[in-house]
Structure formats: structure tokens, C-alpha cells
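Q: data-v5.txt is the file, holding compact mmCIF, C-alpha atoms:
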```txt
# COMPACT_ATOMS: atom_id res chain seq x y z
CA MET A 3 1.51 -3.24 8.47
CA ALA A 4 3.44 -1.43 5.71
CA GLU A 5 5.95 -4.28 5.57
CA ASP A 6 3.11 -6.81 5.43
CA VAL A 7 1.62 -4.96 2.48
CA ARG A 8 4.97 -4.85 0.68
CA ASP A 9 5.37 -8.61 1.15
CA LEU A 10 1.82 -9.14 -0.03
CA VAL A 11 2.43 -7.04 -3.14
CA LYS A 12 5.67 -8.87 -3.83
CA ARG A 13 3.83 -12.19 -3.67
CA CYS A 14 1.08 -10.85 -5.93
CA LEU A 15 3.69 -9.78 -8.48
CA ALA A 16 5.12 -13.30 -8.33
CA GLY A 17 1.68 -14.62 -9.34
CA ASP A 18 0.61 -15.91 -5.93
CA GLU A 19 -3.20 -16.08 -6.17
CA ALA A 20 -3.64 -16.51 -2.42
CA ALA A 21 -1.81 -13.22 -1.90
CA MET A 22 -4.12 -11.51 -4.39
CA VAL A 23 -7.16 -12.74 -2.49
CA GLU A 24 -5.54 -11.58 0.76
CA LEU A 25 -4.85 -8.14 -0.66
CA VAL A 26 -8.45 -7.76 -1.83
CA ASP A 27 -9.83 -9.01 1.48
CA CYS A 28 -7.53 -6.66 3.37
CA PHE A 29 -8.50 -3.46 1.52
CA SER A 30 -11.85 -4.09 -0.17
CA GLY A 31 -13.86 -2.85 2.82
CA GLN A 32 -11.99 0.47 2.89
CA VAL A 33 -12.16 0.88 -0.87
CA PHE A 34 -15.87 0.05 -0.89
CA GLY A 35 -16.49 2.53 1.96
CA LEU A 36 -14.68 5.23 0.03
CA CYS A 37 -16.58 4.45 -3.17
CA TYR A 38 -19.92 4.29 -1.37
CA ARG A 39 -19.32 7.65 0.29
CA MET A 40 -18.39 9.21 -3.03
CA LEU A 41 -21.04 7.56 -5.19
CA ARG A 42 -23.91 7.03 -2.70
CA GLN A 43 -25.04 3.98 -4.62
CA ARG A 44 -24.28 0.46 -3.49
CA GLU A 45 -24.12 -1.32 -6.85
CA ASP A 46 -21.93 1.37 -8.38
CA ALA A 47 -19.67 1.31 -5.33
CA GLU A 48 -19.29 -2.47 -5.64
CA ASP A 49 -18.55 -2.26 -9.35
CA ILE A 50 -15.96 0.47 -8.87
CA THR A 51 -14.37 -1.47 -6.00
CA GLN A 52 -14.01 -4.45 -8.30
CA GLU A 53 -12.69 -2.29 -11.14
CA THR A 54 -10.21 -0.65 -8.78
CA PHE A 55 -8.66 -3.97 -7.80
CA VAL A 56 -8.53 -5.14 -11.41
CA ARG A 57 -6.59 -1.97 -12.24
CA VAL A 58 -4.43 -2.34 -9.17
CA PHE A 59 -3.35 -5.83 -10.24
CA GLY A 60 -2.76 -4.61 -13.78
CA ASN A 61 -0.50 -1.83 -12.55
CA LEU A 62 0.99 -3.31 -9.41
CA HIS A 63 4.47 -3.23 -10.93
CA ARG A 64 4.15 0.57 -11.14
CA TRP A 65 3.59 1.05 -7.42
CA ASP A 66 6.61 2.65 -5.76
CA SER A 67 7.25 0.44 -2.75
CA GLU A 68 8.99 3.36 -1.04
CA ARG A 69 5.59 5.00 -0.71
CA ASP A 70 2.50 3.93 1.21
CA PHE A 71 0.21 1.55 -0.59
CA ARG A 72 -3.10 2.91 0.67
CA PRO A 73 -2.92 6.41 -0.90
CA TRP A 74 -1.97 4.83 -4.23
CA LEU A 75 -4.88 2.42 -3.97
CA PHE A 76 -7.29 5.16 -2.92
CA ALA A 77 -6.09 7.42 -5.72
CA ILE A 78 -7.07 4.74 -8.24
CA ALA A 79 -10.45 4.24 -6.56
CA GLY A 80 -11.01 8.00 -6.37
CA ASN A 81 -10.12 8.39 -10.01
CA ARG A 82 -12.63 5.71 -11.02
CA CYS A 83 -15.32 7.28 -8.83
CA ARG A 84 -14.71 10.70 -10.34
CA SER A 85 -14.94 9.23 -13.83
CA LEU A 86 -18.28 7.64 -12.97
CA LEU A 87 -19.55 10.83 -11.38
CA ALA A 88 -18.57 12.72 -14.53
CA GLN A 89 -20.52 10.16 -16.60
CA ARG A 90 -23.51 10.63 -14.32
CA MET A 91 -23.32 14.38 -14.82
CA ARG A 92 -23.52 13.83 -18.56
CA ARG A 93 -26.32 11.25 -18.29
CA PRO A 94 -28.32 11.92 -15.12
CA LYS A 95 -30.49 8.98 -14.10
CA ALA A 96 -33.26 8.84 -11.52
CA GLN A 97 -31.71 5.81 -9.84
CA ASP A 98 -28.69 7.87 -8.78
CA LEU A 99 -30.89 9.49 -6.18
CA VAL A 100 -32.53 6.34 -4.89
CA GLU A 101 -30.45 6.04 -1.75
CA GLU A 102 -30.78 9.60 -0.54
CA PRO A 103 -32.01 9.67 3.02
CA PRO A 104 -35.62 10.48 3.74
CA ASP A 105 -36.49 14.14 4.16
CA GLY A 106 -37.01 14.86 7.84
CA ARG A 107 -39.45 17.64 7.06
CA ALA A 108 -41.87 15.10 5.60
CA ASP A 109 -41.32 12.69 8.45
CA PRO A 110 -40.93 14.32 11.88
CA GLN A 111 -39.96 10.99 13.44
CA ALA A 112 -36.80 10.92 11.35
CA ALA A 113 -35.67 14.24 12.81
CA ARG A 114 -35.11 12.47 16.11
CA ASN A 115 -32.44 10.38 14.58
CA LEU A 116 -29.26 12.41 14.59
CA ALA A 117 -27.51 10.26 11.99
CA GLU A 118 -30.41 10.67 9.61
CA GLU A 119 -30.35 14.41 10.14
CA VAL A 120 -26.64 14.54 9.44
CA SER A 121 -27.23 12.36 6.41
CA LEU A 122 -29.91 14.76 5.23
CA ALA A 123 -27.70 17.77 5.89
CA LEU A 124 -24.94 16.16 3.84
CA THR A 125 -27.18 16.07 0.78
CA HIS A 126 -27.38 19.86 0.88
CA LEU A 127 -23.62 20.30 0.76
CA ARG A 128 -21.60 20.99 -2.31
CA GLU A 129 -20.34 17.68 -3.70
CA GLU A 130 -16.65 18.35 -3.04
CA TYR A 131 -17.34 19.55 0.52
CA ARG A 132 -19.40 16.42 1.22
CA GLN A 133 -16.77 14.07 -0.14
CA ALA A 134 -13.88 15.75 1.66
CA PHE A 135 -15.81 15.87 4.93
CA LEU A 136 -16.83 12.21 4.81
CA LEU A 137 -13.42 11.00 3.74
CA PHE A 138 -11.90 12.82 6.71
CA HIS A 139 -14.46 12.25 9.46
CA ASP A 140 -16.05 8.99 8.36
CA GLN A 141 -13.33 7.16 6.42
CA HIS A 142 -10.53 8.66 8.56
CA LEU A 143 -8.28 9.43 5.64
CA SER A 144 -5.54 11.99 6.17
CA TYR A 145 -5.70 15.30 4.34
CA ALA A 146 -2.88 14.14 2.07
CA GLU A 147 -4.75 10.94 1.22
CA ILE A 148 -7.92 12.88 0.48
CA GLY A 149 -5.89 15.15 -1.76
CA GLU A 150 -4.78 12.07 -3.71
CA VAL A 151 -8.31 10.70 -3.92
CA LEU A 152 -9.91 13.96 -5.01
CA ASP A 153 -6.89 15.03 -7.03
CA CYS A 154 -6.47 18.43 -5.39
CA PRO A 155 -3.99 20.16 -3.07
CA VAL A 156 -4.05 19.51 0.68
CA GLY A 157 -4.87 23.16 1.38
CA THR A 158 -7.98 22.89 -0.74
CA VAL A 159 -9.05 19.75 1.08
CA LYS A 160 -8.66 21.51 4.44
CA THR A 161 -10.78 24.40 3.22
CA TRP A 162 -13.50 22.05 1.95
CA VAL A 163 -13.61 20.11 5.23
CA TYR A 164 -13.76 23.34 7.22
CA ARG A 165 -16.60 24.71 5.09
CA ALA A 166 -18.46 21.41 5.26
CA ARG A 167 -18.33 21.48 9.09
CA ARG A 168 -19.48 25.07 9.14
CA ASP A 169 -22.38 24.46 6.73
CA LEU A 170 -23.44 21.23 8.44
CA ALA A 171 -23.44 22.85 11.86
CA GLN A 172 -25.48 25.71 10.46
CA HIS A 173 -27.93 23.27 8.91
CA LEU A 174 -28.34 21.33 12.16
CA ARG A 175 -28.94 24.55 14.09
CA SER A 176 -31.48 25.75 11.54
CA ARG A 177 -33.33 22.44 11.87
CA GLY A 178 -33.44 22.82 15.62
CA ILE A 179 -31.60 19.54 16.04
CA VAL A 180 -29.09 20.88 18.52
CA GLN A 181 -30.41 22.13 21.82
CA GLY A 182 -27.76 24.76 22.38
CA GLU A 183 -27.48 26.99 25.40
CA SER A 184 -29.16 29.78 23.47
CA SER A 185 -32.20 27.73 22.54
CA MET B 9 -9.53 33.36 24.24
CA LYS B 10 -11.52 35.49 21.81
CA CYS B 11 -14.41 34.14 19.72
CA ASN B 12 -12.45 34.14 16.46
CA GLU B 13 -9.60 32.33 18.20
CA PHE B 14 -12.14 29.83 19.51
CA GLU B 15 -13.20 28.87 16.00
CA VAL B 16 -9.60 28.55 14.80
CA HIS B 17 -8.71 26.41 17.81
CA LEU B 18 -11.84 24.30 17.37
CA ASN B 19 -10.87 23.50 13.80
CA ALA B 20 -7.31 22.69 14.82
CA VAL B 21 -8.64 20.24 17.42
CA LEU B 22 -10.93 18.64 14.84
CA ASP B 23 -8.09 18.40 12.34
CA GLU B 24 -6.13 16.46 14.95
CA ARG B 25 -9.17 14.20 15.44
CA ARG B 26 -9.43 15.13 19.12
CA SER B 27 -12.72 15.59 20.89
CA PRO B 28 -13.48 19.33 21.17
CA GLU B 29 -15.57 18.73 24.26
CA SER B 30 -12.53 17.49 26.13
CA ASP B 31 -10.33 20.46 25.26
CA PRO B 32 -10.09 22.67 28.39
CA ALA B 33 -9.51 25.93 26.50
CA LEU B 34 -12.54 25.38 24.28
CA VAL B 35 -14.79 24.29 27.11
CA SER B 36 -13.72 27.22 29.27
CA HIS B 37 -14.54 29.78 26.57
CA ALA B 38 -17.77 27.99 25.61
CA ARG B 39 -19.03 28.36 29.20
CA ALA B 40 -18.54 32.10 29.05
CA CYS B 41 -19.88 32.66 25.52
CA ALA B 42 -23.32 31.44 24.44
CA ALA B 43 -22.61 31.59 20.68
CA CYS B 44 -19.37 29.65 20.96
CA GLY B 45 -21.05 27.26 23.41
CA GLU B 46 -23.69 26.51 20.77
CA LEU B 47 -21.01 26.00 18.12
CA LEU B 48 -19.20 23.55 20.40
CA THR B 49 -22.40 21.62 21.12
CA THR B 50 -23.42 21.55 17.47
CA THR B 51 -20.00 20.31 16.43
CA GLY B 52 -20.16 17.55 19.03
CA GLU B 53 -23.59 16.49 17.78
CA LEU B 54 -22.38 16.59 14.22
CA LEU B 55 -19.51 14.23 14.99
CA THR B 56 -21.86 11.92 16.88
CA GLY B 57 -24.18 11.93 13.87
CA VAL B 58 -21.31 11.10 11.50
CA ARG B 59 -20.33 8.14 13.68
CA GLY B 60 -23.90 6.91 13.34
CA LEU B 61 -23.81 6.94 9.55
CA SER B 62 -23.90 3.47 8.12
CA ILE B 63 -22.27 1.87 5.12
CA PRO B 64 -23.84 -1.27 3.64
CA GLU B 65 -21.81 -4.37 4.31
CA LEU B 66 -19.74 -5.68 1.46
CA ASP B 67 -20.35 -9.37 0.89
CA GLY B 68 -17.39 -11.75 0.82
CA THR B 69 -17.39 -12.32 -2.92
CA MET B 70 -15.26 -9.35 -3.94
CA SER B 71 -12.02 -11.32 -4.29
CA GLN B 72 -13.83 -13.87 -6.46
CA ARG B 73 -15.35 -11.10 -8.57
CA VAL B 74 -11.93 -9.54 -9.06
CA ARG B 75 -10.40 -12.88 -9.97
CA ASP B 76 -13.17 -13.61 -12.48
CA GLU B 77 -12.73 -10.20 -14.05
CA LEU B 78 -8.96 -10.65 -14.28
CA ASN B 79 -9.44 -14.02 -15.97
CA ARG B 80 -11.99 -12.54 -18.35
CA GLU B 81 -9.65 -9.65 -19.26
CA THR B 82 -6.80 -12.08 -19.89
CA VAL B 83 -8.98 -13.88 -22.43
CA THR B 84 -10.57 -10.89 -24.15
CA VAL B 85 -7.99 -8.14 -23.92
CA GLY B 86 -4.94 -10.33 -24.48
CA PRO B 87 -5.56 -11.17 -28.14
CA ARG B 88 -6.64 -7.60 -28.90
CA TYR B 89 -3.35 -6.25 -27.60
CA GLY B 90 -1.53 -9.07 -29.38
CA LEU B 91 -3.12 -8.15 -32.69
CA ALA B 92 -2.38 -4.49 -32.14
CA VAL B 93 1.28 -5.20 -31.44
CA ALA B 94 1.51 -7.53 -34.45
CA ALA B 95 -0.12 -4.95 -36.73
CA VAL B 96 2.11 -2.08 -35.69
CA MET B 97 5.27 -4.16 -35.79
CA THR B 98 4.37 -5.47 -39.24
CA ILE B 99 3.92 -1.92 -40.54
CA ALA B 100 7.20 -0.86 -38.99
CA ALA B 101 9.01 -3.86 -40.47
CA ALA B 102 7.48 -3.23 -43.89
CA LEU B 103 8.59 0.39 -43.83
CA LEU B 104 12.11 -0.52 -42.81
CA LEU B 105 12.26 -3.16 -45.51
CA ALA B 106 10.90 -0.76 -48.11
CA ALA B 107 13.39 1.90 -47.13
CA PHE B 108 16.34 -0.33 -47.86
CA LEU B 109 15.03 -2.41 -50.78
CA LEU B 110 13.23 0.16 -52.91
CA PRO B 111 15.27 2.00 -55.51
CA GLY B 112 15.88 5.48 -54.16
CA SER B 113 16.78 4.13 -50.76
CA PRO B 114 19.79 5.56 -48.92
CA GLU B 115 22.33 3.38 -50.76
CA ASN B 116 21.14 4.83 -54.05
CA LEU B 117 21.52 8.36 -52.73
CA LEU B 118 25.22 8.12 -52.24
CA PRO B 119 27.49 10.42 -54.30
CA ASP B 120 28.01 7.83 -57.02
CA SER B 121 24.33 8.02 -57.98
CA PRO B 122 23.60 11.75 -58.31
CA LYS B 123 19.97 12.90 -58.14
CA GLY B 124 18.15 15.73 -59.84
CA ASP B 125 18.34 18.22 -56.98
CA VAL B 126 22.09 17.68 -56.75
CA ALA B 127 22.33 18.14 -60.46
CA VAL B 128 20.48 21.46 -60.24
CA GLU B 129 22.68 22.78 -57.48
CA GLN B 130 25.82 21.71 -59.27
CA GLY B 131 24.65 23.31 -62.49
CA THR B 132 24.58 20.13 -64.57
CA ALA B 133 22.69 19.78 -67.82
CA PRO B 134 18.91 20.37 -67.80
CA ALA B 135 18.41 17.01 -69.50
CA GLU B 136 19.79 15.21 -66.47
CA VAL B 137 17.45 17.16 -64.19
CA GLU B 138 14.43 16.17 -66.20
CA VAL B 139 15.39 12.52 -66.07
CA ALA B 140 15.84 12.65 -62.33
CA MET B 141 12.55 14.50 -61.72
CA ALA B 142 10.64 12.05 -63.86
CA ASP B 143 12.24 9.11 -62.10
CA PRO B 144 9.47 7.05 -60.47
CA VAL B 145 12.03 5.87 -57.94
CA SER B 146 12.14 9.38 -56.42
CA LEU B 147 8.39 9.41 -56.07
CA ASP B 148 8.43 6.12 -54.18
CA ARG B 149 10.98 7.50 -51.81
CA ASP B 150 8.98 10.69 -51.30
CA MET B 151 5.87 8.69 -50.63
CA LEU B 152 7.77 6.67 -48.09
CA LEU B 153 8.99 9.84 -46.37
CA LYS B 154 5.47 11.26 -46.38
CA LEU B 155 4.08 8.06 -44.92
CA ILE B 156 6.60 8.14 -42.12
CA GLN B 157 5.98 11.82 -41.43
CA ASP B 158 2.20 11.28 -41.37
CA THR B 159 2.56 8.34 -39.05
CA ARG B 160 4.72 10.37 -36.69
CA ASN B 161 2.31 13.29 -36.79
CA ASN B 162 -0.73 11.13 -36.03
CA VAL B 163 0.83 8.56 -33.81
CA ASP B 164 -0.78 9.97 -30.66
CA LYS B 165 -4.13 8.82 -32.01
CA ILE B 166 -3.10 5.17 -32.29
CA PRO B 167 -3.85 4.16 -28.65
CA SER B 168 -7.31 5.75 -28.85
CA LEU B 169 -8.04 3.98 -32.12
CA LEU B 170 -6.91 0.63 -30.80
CA THR B 171 -8.84 0.85 -27.54
CA GLY B 172 -11.90 2.40 -29.16
CA SER B 173 -11.75 5.57 -27.04
CA SER B 174 -12.19 8.85 -28.81
CA SER B 175 -12.81 11.27 -25.97
CA PRO B 176 -9.99 13.77 -25.41
CA THR B 177 -11.10 14.06 -21.77
CA GLN B 178 -10.73 10.35 -21.29
CA SER B 179 -7.32 10.52 -22.84
CA THR B 180 -6.25 13.20 -20.36
CA GLN B 181 -7.57 11.25 -17.43
CA ASP B 182 -5.74 8.18 -18.56
CA THR B 183 -2.40 9.79 -17.98
CA HIS B 184 -3.01 8.54 -14.48
CA PRO B 185 -0.86 5.52 -13.49
CA ASN B 186 -3.89 3.23 -13.68
CA SER B 187 -4.46 3.92 -17.35
CA ASP B 188 -5.37 1.25 -19.89
CA HIS B 189 -3.55 3.23 -22.54
CA ASP B 190 -0.17 3.17 -20.87
CA GLY B 191 0.97 -0.07 -22.48
CA LEU B 192 -0.13 1.01 -25.92
CA GLU B 193 1.47 4.40 -25.51
CA GLU B 194 4.77 2.81 -24.59
CA MET B 195 4.52 0.50 -27.57
CA THR B 196 3.63 3.39 -29.85
CA GLU B 197 6.53 5.45 -28.57
CA SER B 198 8.82 2.57 -29.37
CA VAL B 199 7.53 2.39 -32.95
CA VAL B 200 7.79 6.17 -33.26
CA GLY B 201 11.40 5.84 -32.17
CA SER B 202 11.97 3.38 -35.01
CA PHE B 203 10.32 5.72 -37.49
CA GLY B 204 12.42 8.57 -36.19
CA PHE B 205 15.58 6.56 -36.72
CA LEU B 206 14.51 5.63 -40.23
CA LEU B 207 13.70 9.23 -41.02
CA ASP B 208 17.08 10.36 -39.70
CA VAL B 209 18.81 7.83 -41.94
CA LEU B 210 16.93 9.07 -44.99
CA GLU B 211 17.49 12.72 -44.16
CA GLU B 212 21.17 12.07 -43.55
CA ALA B 213 21.31 10.37 -46.94
CA ASP B 214 19.67 13.47 -48.43
CA ARG B 215 22.38 15.68 -47.03
CA GLN B 216 25.34 13.51 -48.03
CA PRO B 217 25.48 14.42 -51.73
CA ASN B 218 25.87 18.11 -50.78
CA SER B 219 28.62 17.59 -48.29
```
Could you render the structure from this file as C-alpha cells?
A:
Amino acid sequence: MAEDVRDLVKRCLAGDEAAMVELVDCFSGQVFGLCYRMLRQREDAEDITQETFVRVFGNLHRWDSERDFRPWLFAIAGNRCRSLLAQRMRRPKAQDLVEEPPDGRADPQAARNLAEEVSLALTHLREEYRQAFLLFHDQHLSYAEIGEVLDCPVGTVKTWVYRARRDLAQHLRSRGIVQGESS
Amino acid sequence: MKCNEFEVHLNAVLDERRSPESDPALVSHARACAACGELLTTTGELLTGVRGLSIPELDGTMSQRVRDELNRETVTVGPRYGLAVAAVMTIAAALLLAAFLLPGSPENLLPDSPKGDVAVEQGTAPAEVEVAMADPVSLDRDMLLKLIQDTRNNVDKIPSLLTGSSSPTQSTQDTHPNSDHDGLEEMTESVVGSFGFLLDVLEEADRQPNS
């Protein structure tokens, strides 16, 4: 896989358009997933995915082929997402919250759906905990890769993931979602 | 296994992406301890819930979108960078030309054309000093030096001016390898290098009459 990517990059650098399409097709799903998990907004995630690849092709000659391609790619995507999130913080818009999951308290039927409950619980987490948790458990990035994406040390990422698990589990218990032995 | 060890071990298992419910040590302790049993169950449910989270499907047009954007940037950004390069290089060339053509340039500072400051240090007649100080040629040279110094002092602002970005935060973020400013910064550094060389030549010429 790593060799395939190196060949693909080499062809892209030589101006092979088919290779560029192949590179986008190969990684766009993962990049979009990462952006969607960070931004929680489909259109923004698509735009940042596109922007990421434009930047990738503009800086492909800077990629160190001795290193893995994916962390480099994800670092660019993560950087763009963080820039957009910072912009949102400065100019909060109602549409940023459009895709939040429905509140189970208002709709008891939704509480039966575990994924929706987890989704709801995630909205109560601190932003960095939520991102680190989802990048690890949902996007299956390594701690080192998450560190690159979120621009923080691996130890910090581990702490955030641990705290996210703890808080989520606590939230699920408080909602009576889990029928534990004590309940 | 104690309860605190259970939690540590549970996290280690999760970090290794293994299923906690299939770890014998965890299961064994969870059977004997209600609180840890609940934690194990909750964690299992949590992971099941995460697997059920959905991500909207990305349509197949992303490569086309990227290609269109790259083509658009080639058309719109290309000339802007071209103009920027042309402008900076023209300024640099003009300065270099001025340094060597204007009276008061390094050739004219050689020992056979003494200046006012040299005259003062060497104790020559006050009349000569006055002539040298009033010499418009010296002013031109000083202006040139000042221009170069100012350019060097403010050169870090050139990329922001050319790309229309004024935010210091943005500038910090763009030290990242995927920065738009990188090319301009390299170009600017190159011009600064030229200015530095020119300045060194002039300063060296300043020192020569004393040596």
C-alpha cells in the first residue's frame, strides 16, 4: 500500500492527471470522514475535503516519501478543519448546529436507538475529547495520527480519548441506556 | 485484579482496539464486581453505538471538483504571483542599479575620493567638510541605505500584503507545510538576501577609507 502511494505520488508529480484522480478517489472518503467528524456539517466537510486535496497537490513536492502519506494528508485536513472551526467560533451561525442529533429526552423513541444516544452523548463532550474519541474509535486513526491532525502530543490525545470514554459511559448510564447488572 | 487495575487494563485493551468483553481477566473481575461489570457493559454498548454512527456518503465528483479548482487556481493565482515576482525583482534590480550608477556609490567611496566624515576624522580643513556634507550625492546614498534598511525591516509583511492576509494568527498557522505563503516567503527571503549583499557592499565601502 505504502509503495503504491509513493508510485501514485511520483506519477502525480510528473503531471499524470489519471494518478491525481486515483489519489483523490483513494483517500477522499477517509478525508471526508475525518472532516465530517470534526465539522459535523456535510457541506463544510465536502469543501474542506476539496481544499485539502488542492493543497496536497500544491505541496506534494514537500512530502517526505520516507514517511507515511496518510498522516501528512490528515494533518493538512485537520489544519483546515481547525481553521474553519476557529472561524466559526468568531462568527457563530445557526446552521452550524443543524445536523446535531435529535434530543432523546424530547423523543423517547430515539432513546431506543443506541447510535442516536451515543451521538447525543457526543454533543455533550468537550470538543477536543469528541474529536479525539471519534478519530480513534470511528475513523480508526492511530494516536500518533490523531496527534498530527489535532496538532497536539500523543499523550494528550490518549488523555482526551480516555476522558471521552469515561464521560460517554457516564452519560449513557445516567440516561439509563445500559442495563447493567446493578440496574 | 483490583477495581483500579480493572479500569487501567480496560483502557489498555481499548487502546489496542481489542474487544473488552473477550478479555478473560476483565470478564472474570466483572463477574465478581457489580460496578466494574456495569463499566464493562457500558463500554461495550458505547463501542456498539459508535459502530452504528453514520457518515453521509461522499458523491463521486470530488476528483472533478479538485481538478476544476486546480485549473481555476492556475488561471487566477498564477498571474498574481507572476506580477508579485516581477514587482519585487524590478525593485531589487532598480536598487542594485542605483547603488552602482548613482554618484556616491561604492566606487566613489574609495580612498581617492575622500568624503566629509573621513575629512573630519583626519582633521582636514573645515571647508572641505562643509562641501562634503552639503553634497547632494551623499544624501542620495543615505536615502538608498535607508530604503534598503526599511525594506529589510518590513520584509516580513510582504507576503501578507501580496496575498491580502493581515491576520497575525493566520500568518502563524501558515507556517504549516500546506501554507499559501511559503512560495512568497521563499521569494522574499531571496530578495532580502540580495538586499543584504548590497548593504554589505555599501557598508564595506564605508569602512574602506578608514582602513
Q: Mind running chain B against chain A at 7 Å and telling me each contacting residue's nearest atom pair with the distance in Å (one decimal), counting all atoms listed in the file, chain and number ascending, as JSON lines?
A:
```
{"residue": "B:Ala42", "atom": "CA", "partner": "A:Ser184", "partner_atom": "CA", "distance": 6.1}
{"residue": "B:Gly45", "atom": "CA", "partner": "A:Glu183", "partner_atom": "CA", "distance": 6.7}
{"residue": "B:Glu46", "atom": "CA", "partner": "A:Gly182", "partner_atom": "CA", "distance": 4.7}
{"residue": "B:Thr49", "atom": "CA", "partner": "A:Gly182", "partner_atom": "CA", "distance": 6.3}
{"residue": "B:Thr50", "atom": "CA", "partner": "A:Ala171", "partner_atom": "CA", "distance": 5.8}
{"residue": "B:Thr51", "atom": "CA", "partner": "A:Ala171", "partner_atom": "CA", "distance": 6.3}
{"residue": "B:Leu54", "atom": "CA", "partner": "A:Val120", "partner_atom": "CA", "distance": 6.7}
{"residue": "B:Gly57", "atom": "CA", "partner": "A:Ala117", "partner_atom": "CA", "distance": 4.2}
{"residue": "B:Val58", "atom": "CA", "partner": "A:Ala117", "partner_atom": "CA", "distance": 6.3}
{"residue": "B:Arg59", "atom": "CA", "partner": "A:Asp140", "partner_atom": "CA", "distance": 6.9}
{"residue": "B:Gly60", "atom": "CA", "partner": "A:Ala117", "partner_atom": "CA", "distance": 5.1}
{"residue": "B:Leu61", "atom": "CA", "partner": "A:Ala117", "partner_atom": "CA", "distance": 5.5}
{"residue": "B:Ile63", "atom": "CA", "partner": "A:Gly35", "partner_atom": "CA", "distance": 6.6}
{"residue": "B:Leu66", "atom": "CA", "partner": "A:Gly31", "partner_atom": "CA", "distance": 6.7}
{"residue": "B:Met70", "atom": "CA", "partner": "A:Gln52", "partner_atom": "CA", "distance": 6.7}
{"residue": "B:Ser71", "atom": "CA", "partner": "A:Val23", "partner_atom": "CA", "distance": 5.4}
{"residue": "B:Arg73", "atom": "CA", "partner": "A:Gln52", "partner_atom": "CA", "distance": 6.8}
{"residue": "B:Val74", "atom": "CA", "partner": "A:Gln52", "partner_atom": "CA", "distance": 5.6}
{"residue": "B:Leu78", "atom": "CA", "partner": "A:Val56", "partner_atom": "CA", "distance": 6.2}
{"residue": "B:Asn186", "atom": "CA", "partner": "A:Arg57", "partner_atom": "CA", "distance": 6.0}
```
Q: Atom CA of A:Leu87 and atom CA of A:Leu41, how far apart in Å?
A: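 Atom CA of A:Leu87 lies at a distance of 7.2 Å from atom CA of A:Leu41.
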Q: Provide the atom CA of A:Glu5 to atom CA of A:Gly149 distance in Å, to one decimal place.
A: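 Interatomic distance here is 23.9 Å.
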Q: Between atom CA of A:Ala134 and atom CA of B:Glu24, what is the distance, to one decimal in Å?
A: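 These two atoms are separated by 15.4 Å.
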Q: Given the choices A:Val7, A:Ile50, A:Cys28, A:Ala166, which gets closest to A:Glu129 if the distance is worked out from all atoms listed in the file?
A: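 Distance minimum relative to A:Glu129 lands on A:Ala166.
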